[in-house]
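Containing mmCIF, C-alpha atoms: data_1.cif.
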data_entry
#
loop_
_atom_site.label_atom_id
_atom_site.label_comp_id
_atom_site.auth_asym_id
_atom_site.auth_seq_id
_atom_site.Cartn_x
_atom_site.Cartn_y
_atom_site.Cartn_z
CA MET T 1 43.41 23.67 -23.33
CA VAL T 2 42.19 20.27 -22.28
CA CYS T 3 45.08 20.01 -19.80
CA ILE T 4 44.17 23.38 -18.28
CA GLN T 5 40.50 22.38 -17.97
CA GLY T 6 41.50 19.05 -16.44
CA LYS T 7 43.79 20.78 -13.97
CA ALA T 8 41.02 23.24 -13.03
CA LYS T 9 38.64 20.34 -12.50
CA ILE T 10 41.07 18.52 -10.21
CA GLU T 11 41.72 21.71 -8.29
CA GLY T 12 37.95 22.19 -7.91
CA ILE T 13 37.50 18.68 -6.56
CA THR T 14 40.46 19.11 -4.21
CA GLU T 15 38.97 22.32 -2.89
CA ARG T 16 35.62 20.65 -2.31
CA VAL T 17 37.21 17.71 -0.53
CA SER T 18 39.29 19.95 1.69
CA GLY T 19 36.16 22.02 2.35
CA MET T 20 34.30 18.88 3.43
CA LYS T 21 37.20 17.83 5.63
CA LYS T 22 37.24 21.26 7.23
CA GLU T 23 33.51 21.02 7.98
CA GLN T 24 33.92 17.58 9.48
CA GLU T 25 36.78 18.82 11.64
CA GLN T 26 34.59 21.68 12.75
CA ILE T 27 31.90 19.25 13.86
CA GLY T 28 34.48 17.40 15.90
CA ILE T 29 35.65 20.71 17.37
CA LEU T 30 32.06 21.66 18.21
CA LEU T 31 31.41 18.37 20.00
CA ARG T 32 34.68 18.66 21.94
CA GLN T 33 33.85 22.27 22.83
CA ASN T 34 30.49 21.20 24.23
CA GLU T 35 32.08 18.33 26.12
CA SER T 36 34.64 20.67 27.73
CA GLN T 37 31.97 23.20 28.66
CA GLN T 38 29.74 20.53 30.16
CA LEU T 39 32.54 19.02 32.22
CA GLU T 40 34.07 22.29 33.33
CA GLY T 41 33.53 22.60 37.06
CA PHE T 42 31.76 19.25 37.11
CA ASN T 43 31.30 17.77 40.56
CA TRP T 44 33.34 14.57 40.28
CA ASP T 45 33.14 13.84 44.01
CA GLY T 46 29.37 14.10 43.79
CA LEU T 47 29.34 11.61 40.91
CA ASN T 48 31.59 9.25 42.85
CA THR T 49 29.29 9.39 45.88
CA ALA T 50 26.21 8.85 43.73
CA ILE T 51 27.81 5.82 42.07
CA SER T 52 28.85 4.45 45.46
CA ASN T 53 25.30 4.83 46.81
CA LYS T 54 23.82 3.05 43.80
CA LEU T 55 26.34 0.25 44.18
CA ASN T 56 25.38 -0.10 47.86
CA GLN T 57 21.72 -0.37 46.87
CA ALA T 58 22.57 -2.95 44.24
CA GLU T 59 24.58 -4.96 46.78
CA ASN T 60 21.71 -4.91 49.29
CA SER T 61 19.12 -6.07 46.79
CA LYS T 62 21.52 -8.77 45.58
CA THR T 63 21.88 -10.02 49.20
CA SER T 64 18.08 -10.00 49.70
CA THR T 65 17.59 -12.01 46.50
CA ILE T 66 20.18 -14.56 47.65
CA LYS T 67 18.52 -14.86 51.10
CA PHE T 68 15.10 -15.25 49.52
CA ARG T 69 16.41 -17.94 47.21
CA SER T 70 17.86 -19.83 50.20
CA VAL T 71 14.56 -19.65 52.08
CA PHE T 72 12.70 -20.81 49.00
CA LYS T 73 15.08 -23.73 48.50
CA VAL T 74 14.67 -24.81 52.14
CA ALA T 75 10.87 -24.55 51.91
CA ALA T 76 10.83 -26.56 48.68
CA GLY T 77 13.05 -29.19 50.30
CA VAL T 78 10.79 -29.48 53.34
CA ALA T 79 7.72 -29.81 51.11
CA ALA T 80 9.40 -32.54 49.08
CA VAL T 81 10.36 -34.48 52.22
CA ALA T 82 6.83 -34.11 53.59
CA ALA T 83 5.39 -35.45 50.33
CA VAL T 84 7.73 -38.44 50.43
CA ILE T 85 6.76 -39.20 54.04
CA PHE T 86 3.07 -38.87 53.20
CA ILE T 87 3.33 -41.29 50.29
CA ALA T 88 5.34 -43.72 52.41
CA VAL T 89 2.69 -43.63 55.15
CA MET T 90 -0.07 -44.17 52.62
CA ILE T 91 1.69 -47.18 51.13
CA LYS T 92 2.43 -48.60 54.57
CA THR T 93 -1.18 -48.26 55.71
CA ASP T 94 -2.22 -50.01 52.54
CA MET T 95 -4.49 -47.28 51.36
CA LEU T 96 -3.36 -47.29 47.79
CA THR T 97 -3.40 -51.00 46.93
CA THR T 98 -5.59 -52.04 44.10
CA ALA T 99 -8.29 -54.62 44.65
CA ARG T 100 -8.06 -57.78 42.55
CA PHE T 101 -10.73 -60.11 41.30
CA LYS T 102 -10.66 -63.76 42.08
CA ASN T 103 -10.17 -64.57 38.41
CA GLY T 104 -7.15 -62.33 38.21
CA GLN T 105 -8.74 -59.32 36.54
CA LYS T 106 -7.78 -55.93 37.90
CA ALA T 107 -10.27 -53.44 39.23
CA VAL T 108 -11.01 -50.55 36.89
CA GLY T 109 -10.43 -47.97 39.60
CA THR T 110 -9.90 -47.68 43.30
CA PHE T 111 -11.74 -45.18 45.48
CA VAL T 112 -10.34 -44.37 48.86
CA LEU T 113 -13.05 -43.34 51.28
CA SER T 114 -11.41 -42.61 54.57
CA GLN T 115 -9.24 -44.02 57.23
CA GLY T 116 -11.92 -46.15 58.73
CA SER T 117 -11.84 -49.90 58.17
CA ALA T 118 -14.23 -52.50 56.78
CA LYS T 119 -14.07 -55.70 54.77
CA VAL T 120 -15.72 -55.56 51.42
CA LYS T 121 -16.91 -58.47 49.36
CA ILE T 122 -16.41 -58.04 45.66
CA LEU T 123 -19.34 -59.27 43.56
CA ASP T 124 -19.02 -60.43 39.97
CA SER T 125 -21.39 -58.32 38.01
CA ASN T 126 -20.47 -59.36 34.51
CA ALA T 127 -23.79 -61.12 34.06
CA GLN T 128 -26.15 -59.29 31.72
CA ASP T 129 -29.66 -58.44 32.78
CA SER T 130 -32.03 -60.52 30.70
CA LYS T 131 -34.80 -57.94 30.55
CA ASP T 132 -33.19 -54.88 29.02
CA LYS T 133 -29.78 -56.24 28.02
CA SER T 134 -27.97 -53.71 30.16
CA ARG T 135 -24.82 -54.78 31.87
CA SER T 136 -24.44 -54.22 35.57
CA SER T 137 -21.84 -51.78 36.61
CA TRP T 138 -19.89 -52.28 39.75
CA ILE T 139 -17.97 -50.25 42.24
CA ILE T 140 -15.33 -51.51 44.61
CA ILE T 141 -15.04 -49.80 47.91
CA ARG T 142 -12.15 -50.74 50.06
CA THR T 143 -11.63 -49.25 53.45
CA THR T 144 -9.66 -50.19 56.51
CA GLU T 145 -11.39 -51.93 59.43
CA PRO T 146 -12.83 -49.52 62.03
CA LYS T 147 -12.24 -50.23 65.70
CA VAL T 148 -15.16 -51.93 67.36
CA ALA T 149 -15.77 -49.12 69.79
CA ASP T 150 -15.32 -46.46 67.14
CA ASN T 151 -18.41 -44.33 66.74
CA GLY T 152 -16.76 -41.68 64.67
CA GLN T 153 -16.31 -40.93 60.99
CA SER T 154 -14.49 -44.16 60.23
CA ARG T 155 -17.43 -46.25 61.53
CA ASP T 156 -19.84 -44.22 59.37
CA ASP T 157 -17.65 -44.73 56.33
CA ALA T 158 -17.42 -48.45 56.96
CA ASP T 159 -21.21 -48.69 57.36
CA PHE T 160 -21.71 -46.79 54.13
CA ALA T 161 -19.28 -49.06 52.36
CA CYS T 162 -21.25 -52.08 53.58
CA LEU T 163 -24.49 -50.57 52.33
CA MET T 164 -22.91 -49.98 48.95
CA MET G 1 43.72 10.19 36.42
CA ASN G 2 45.55 8.41 33.64
CA ASP G 3 43.68 5.21 32.97
CA ASN G 4 45.35 4.32 29.72
CA SER G 5 48.96 3.89 30.67
CA LYS G 6 50.43 0.50 29.81
CA ALA G 7 52.15 0.47 33.19
CA ASN G 8 48.69 0.37 34.81
CA THR G 9 47.33 -2.51 32.72
CA GLY G 10 48.57 -5.12 35.15
CA SER G 11 47.08 -3.32 38.14
CA ILE G 12 43.77 -2.89 36.30
CA GLU G 13 43.61 -6.64 35.63
CA ARG G 14 44.37 -7.25 39.28
CA LEU G 15 41.56 -4.89 40.32
CA VAL G 16 39.14 -6.56 37.92
CA LYS G 17 39.98 -10.05 39.20
CA ALA G 18 39.59 -8.86 42.78
CA SER G 19 36.22 -7.31 41.92
CA GLN G 20 35.15 -10.57 40.33
CA ALA G 21 36.09 -12.30 43.58
CA GLY G 22 33.73 -9.93 45.40
CA ASP G 23 36.08 -7.17 46.59
CA ARG G 24 34.00 -4.02 46.49
CA GLY G 25 36.98 -1.79 47.29
CA SER G 26 38.68 -2.89 44.07
CA PHE G 27 35.62 -2.03 42.05
CA ASP G 28 35.51 1.40 43.70
CA GLU G 29 39.07 1.93 42.47
CA LEU G 30 38.00 0.99 38.95
CA VAL G 31 35.20 3.56 39.20
CA ASP G 32 37.79 6.19 40.15
CA LEU G 33 39.95 5.25 37.19
CA TYR G 34 37.24 5.18 34.54
CA GLN G 35 34.53 7.61 35.57
CA ARG G 36 36.02 10.50 33.61
CA ARG G 37 36.28 8.49 30.41
CA ALA G 38 32.74 7.21 30.99
CA MET G 39 31.45 10.76 31.40
CA GLN G 40 33.17 11.88 28.19
CA VAL G 41 31.43 9.14 26.23
CA ALA G 42 28.06 9.80 27.81
CA VAL G 43 28.25 13.61 27.42
CA ARG G 44 29.12 13.20 23.75
CA MET G 45 26.21 10.88 23.19
CA LEU G 46 23.65 12.79 25.20
CA GLY G 47 24.97 16.33 24.97
CA ASP G 48 24.11 17.07 28.59
CA ALA G 49 26.17 16.47 31.74
CA GLU G 50 23.22 15.73 34.03
CA GLU G 51 21.78 13.07 31.77
CA ALA G 52 25.27 11.74 31.18
CA ALA G 53 25.87 11.44 34.94
CA GLU G 54 22.73 9.35 35.31
CA ALA G 55 23.80 7.08 32.46
CA VAL G 56 27.26 6.68 33.99
CA GLN G 57 25.84 5.78 37.41
CA ASN G 58 23.51 3.18 35.94
CA GLY G 59 26.28 1.90 33.69
CA PHE G 60 28.65 1.30 36.59
CA VAL G 61 25.94 -0.54 38.52
CA LYS G 62 25.35 -2.83 35.52
CA ALA G 63 29.08 -3.40 35.24
CA TYR G 64 29.33 -4.26 38.93
CA LEU G 65 26.45 -6.74 38.78
CA ASN G 66 27.84 -8.44 35.67
CA ILE G 67 31.58 -8.29 36.25
CA SER G 68 31.77 -12.01 36.99
CA ARG G 69 30.74 -12.63 33.36
CA LEU G 70 33.80 -10.81 31.98
CA LYS G 71 36.07 -13.57 30.74
CA GLU G 72 39.09 -11.41 29.88
CA PRO G 73 39.98 -8.95 32.68
CA GLY G 74 42.31 -7.24 30.22
CA SER G 75 39.38 -6.09 28.10
CA PHE G 76 37.65 -4.36 31.00
CA LYS G 77 37.94 -0.87 29.45
CA THR G 78 36.27 -1.91 26.18
CA TRP G 79 33.62 -3.85 28.04
CA LEU G 80 32.84 -0.98 30.40
CA ILE G 81 32.64 1.64 27.65
CA ARG G 82 30.26 -0.64 25.77
CA ILE G 83 28.00 -0.82 28.83
CA ILE G 84 28.14 2.97 29.30
CA ALA G 85 27.37 3.58 25.62
CA ASN G 86 24.43 1.17 25.66
CA THR G 87 23.08 2.70 28.87
CA ALA G 88 23.34 6.15 27.29
CA ILE G 89 21.44 4.81 24.27
CA SER G 90 18.60 3.65 26.54
CA GLN G 91 18.47 7.10 28.05
CA ARG G 92 18.37 8.62 24.60
CA ARG G 93 15.19 6.69 23.91
CA ALA G 94 13.62 8.09 27.05
CA ALA G 95 14.84 11.59 26.15
CA ARG G 96 13.43 11.18 22.63
CA GLY G 97 10.09 10.16 24.11
CA ARG G 98 10.05 13.27 26.25
CA ALA G 99 10.96 15.45 23.27
CA GLU G 100 8.14 13.87 21.23
CA LYS G 101 5.62 14.56 24.00
CA ILE G 102 6.68 18.19 24.12
CA LYS G 103 6.32 18.42 20.34
CA ILE G 104 2.85 16.85 20.41
CA ALA G 105 1.80 19.13 23.24
CA GLY G 106 2.82 22.01 21.00
CA ASP G 107 4.96 23.54 23.67
CA SER G 108 5.87 27.03 22.51
CA HIS G 109 9.02 26.85 24.58
CA SER G 110 10.36 23.74 22.82
CA LYS G 111 12.82 25.98 20.97
CA LYS G 112 14.09 28.12 23.77
CA VAL G 113 15.45 31.60 23.19
CA PHE G 114 18.69 32.09 25.07
CA SER G 115 19.97 35.30 26.58
CA THR G 116 23.44 36.59 25.68
CA GLU G 117 24.77 35.37 28.99
CA GLU G 118 23.33 31.91 28.46
CA LYS G 119 24.81 31.81 24.97
CA GLU G 120 28.17 32.73 26.38
CA ALA G 121 27.83 30.06 29.01
CA GLY G 122 27.38 27.54 26.17
CA LYS G 123 23.81 26.62 27.06
CA GLU G 124 22.55 27.30 23.57
CA LEU G 125 25.23 25.10 22.02
CA LYS G 126 24.53 22.36 24.56
CA GLU G 127 20.83 22.39 23.75
CA ALA G 128 21.49 22.42 20.00
CA ILE G 129 23.91 19.49 20.24
CA ARG G 130 21.57 17.58 22.54
CA ARG G 131 18.71 17.91 20.04
CA ALA G 132 20.95 17.11 17.09
CA MET G 133 22.35 13.96 18.72
CA LEU G 134 18.80 12.75 19.40
CA LYS G 135 18.16 12.87 15.66
CA LEU G 136 21.03 10.54 14.85
CA SER G 137 20.49 6.80 14.78
CA LYS G 138 21.76 4.76 17.70
CA LYS G 139 24.81 3.53 15.79
CA GLN G 140 25.66 6.94 14.38
CA ALA G 141 25.47 8.54 17.83
CA GLN G 142 27.64 5.83 19.38
CA ALA G 143 30.22 5.95 16.59
CA ILE G 144 30.68 9.71 16.54
CA ALA G 145 30.76 9.90 20.33
CA LEU G 146 33.35 7.14 20.70
CA ILE G 147 35.61 8.29 17.86
CA GLY G 148 35.87 11.70 19.48
CA VAL G 149 36.86 10.45 22.93
CA GLU G 150 40.65 10.75 23.08
CA GLU G 151 40.67 9.97 19.36
CA LEU G 152 40.02 6.25 19.79
CA PRO G 153 41.00 4.38 16.62
CA ALA G 154 38.18 3.00 14.48
CA LYS G 155 39.34 -0.54 15.26
CA GLU G 156 38.86 -0.04 19.00
CA VAL G 157 35.50 1.67 18.46
CA ALA G 158 34.51 -1.29 16.28
CA GLU G 159 35.34 -3.65 19.13
CA ILE G 160 33.18 -1.62 21.50
CA MET G 161 30.31 -1.46 19.03
CA ASN G 162 30.64 -5.08 17.93
CA CYS G 163 30.93 -4.23 14.25
CA SER G 164 33.65 -3.74 11.61
CA ALA G 165 35.96 -0.72 11.40
CA GLU G 166 34.48 0.06 7.97
CA ALA G 167 31.00 0.15 9.47
CA VAL G 168 32.26 2.56 12.14
CA ARG G 169 33.69 4.88 9.51
CA TRP G 170 30.41 4.77 7.62
CA TYR G 171 28.38 5.61 10.74
CA VAL G 172 30.74 8.48 11.57
CA PHE G 173 30.47 9.79 8.02
CA LYS G 174 26.64 9.72 8.08
CA ALA G 175 26.56 11.26 11.55
CA ARG G 176 28.79 14.12 10.47
CA GLN G 177 26.64 14.70 7.38
CA LYS G 178 23.52 15.02 9.50
CA LEU G 179 25.17 17.16 12.17
CA LYS G 180 26.54 19.46 9.49
CA VAL G 181 22.98 20.31 8.52
CA LEU G 182 21.55 20.39 12.03
CA LEU G 183 24.34 22.53 13.48
CA LYS G 184 25.12 24.69 10.46
CA GLU G 185 24.57 27.98 12.30
CA TYR G 186 27.31 27.03 14.77
CA LEU G 187 29.84 26.10 12.12
CA GLU G 188 32.11 28.87 10.91
#
Go ahead and express the file in the form of structure tokens.
Amino acid sequence: MVCIQGKAKIEGITERVSGMKKEQEQIGILLRQNESQQLEGFNWDGLNTAISNKLNQAENSKTSTIKFRSVFKVAAGVAAVAAVIFIAVMIKTDMLTTARFKNGQKAVGTFVLSQGSAKVKILDSNAQDSKDKSRSSWIIIRTTEPKVADNGQSRDDADFACLM
Amino acid sequence: MNDNSKANTGSIERLVKASQAGDRGSFDELVDLYQRRAMQVAVRMLGDAEEAAEAVQNGFVKAYLNISRLKEPGSFKTWLIRIIANTAISQRRAARGRAEKIKIAGDSHSKKVFSTEEKEAGKELKEAIRRAMLKLSKKQAQAIALIGVEELPAKEVAEIMNCSAEAVRWYVFKARQKLKVLLKEYLE
């Protein structure tokens, strides 16, 4: 009796498993059927042309990007060279040198006014004012010497520097 | 065109290397060889030939732009199918978005009634499969689509999907379970 029941149980399971397998096969069949129907009479030449056109577009935009990158690189290079030349000219014309005190102390800061020229005397203002105990502050202005006949901006700057 | 013959493997590698060197003609030949397989994968994933065609076009463009990154020319087929499958997945997201909008809008035509002629032409089945595939997860849709294409072995599908063969079998199993319910009226 137990053997018969066991056999029936196994047969039941086997039937269920084969039923499941059949359903799964049917799903595969259904998907393949749809695939065949969709691709029946499909315009393969049209697809090929469409792919080719998209590839052409991709090629063109790739070429434009490469050209743009080249232009950008050249422009960046030119700007870098210009910056180097500018700095070199500034150093050569002595516009960036730092003023020094007689006693060897460095100036706190250097202010470049213009390309005019003038000689500036540096005053020692470390002495404290006796009245209100405040310490004098100082400013160093260094400009290049203007030409004698120069009545332009550089002369004005030099005059201003002298007043200061 | 037979793209799977061992005799062609050498020529395919040659075409891939030439494409990597910038020969557009060689890549066009690869398109000829693989477009049918690509369409099969995409149609299975998306259920619709028009959407599949768009995915295939975009997939081939991606492949063309990135072919120089392919280190093993011999694995071009796997690499390409992966690109096509991923492109189809992106389109699925867009299609899902559209389907959601229609649902929110309460479109009374969202479940279309097909005429006898349309049923015979397979439009009803196409629509049913398209909707059902949208309800699968990305991995399930990829797995069941790839397994069905010329009965690719699970190991090869695993390589395409970047996962284990066991994972592929699991995804296929879950996909079939869901499709069984969603497509029950079409199963005998």
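Comparing the minimum interatomic distances between Ser68 of chain G and each of G:Ala21, G:Leu152, G:Ala49, G:Ala143, counting only C-alpha atoms, we find that G:Ala21 sits nearest.
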For chain T against chain G, which residues fall within 12 Å using only C-alpha atoms, given as a VMD selection string? chain T and resid 19 to 63
How many Å lie between atom CA of Ile89 of chain G and atom CA of Glu29 of chain G, rounded to one decimal?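 Atom-to-atom, atom CA of Ile89 of chain G to atom CA of Glu29 of chain G, that is 25.5 Å.
Taking atom CA of Arg93 of chain G and atom CA of Ala63 of chain G as the two end points, the separation is 20.6 Å.
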One decimal, Å: what's the distance from atom CA of Ala94 of chain G over to atom CA of Trp79 of chain G, could you say? 23.3 Å
Residue members of the PyMOL selection byres ((chain G and resi 153-167) around 8) in the file shown, as a PyMOL selection string: chain G and resi 78-79+81-82+142-143+146-147+151-152+168-171
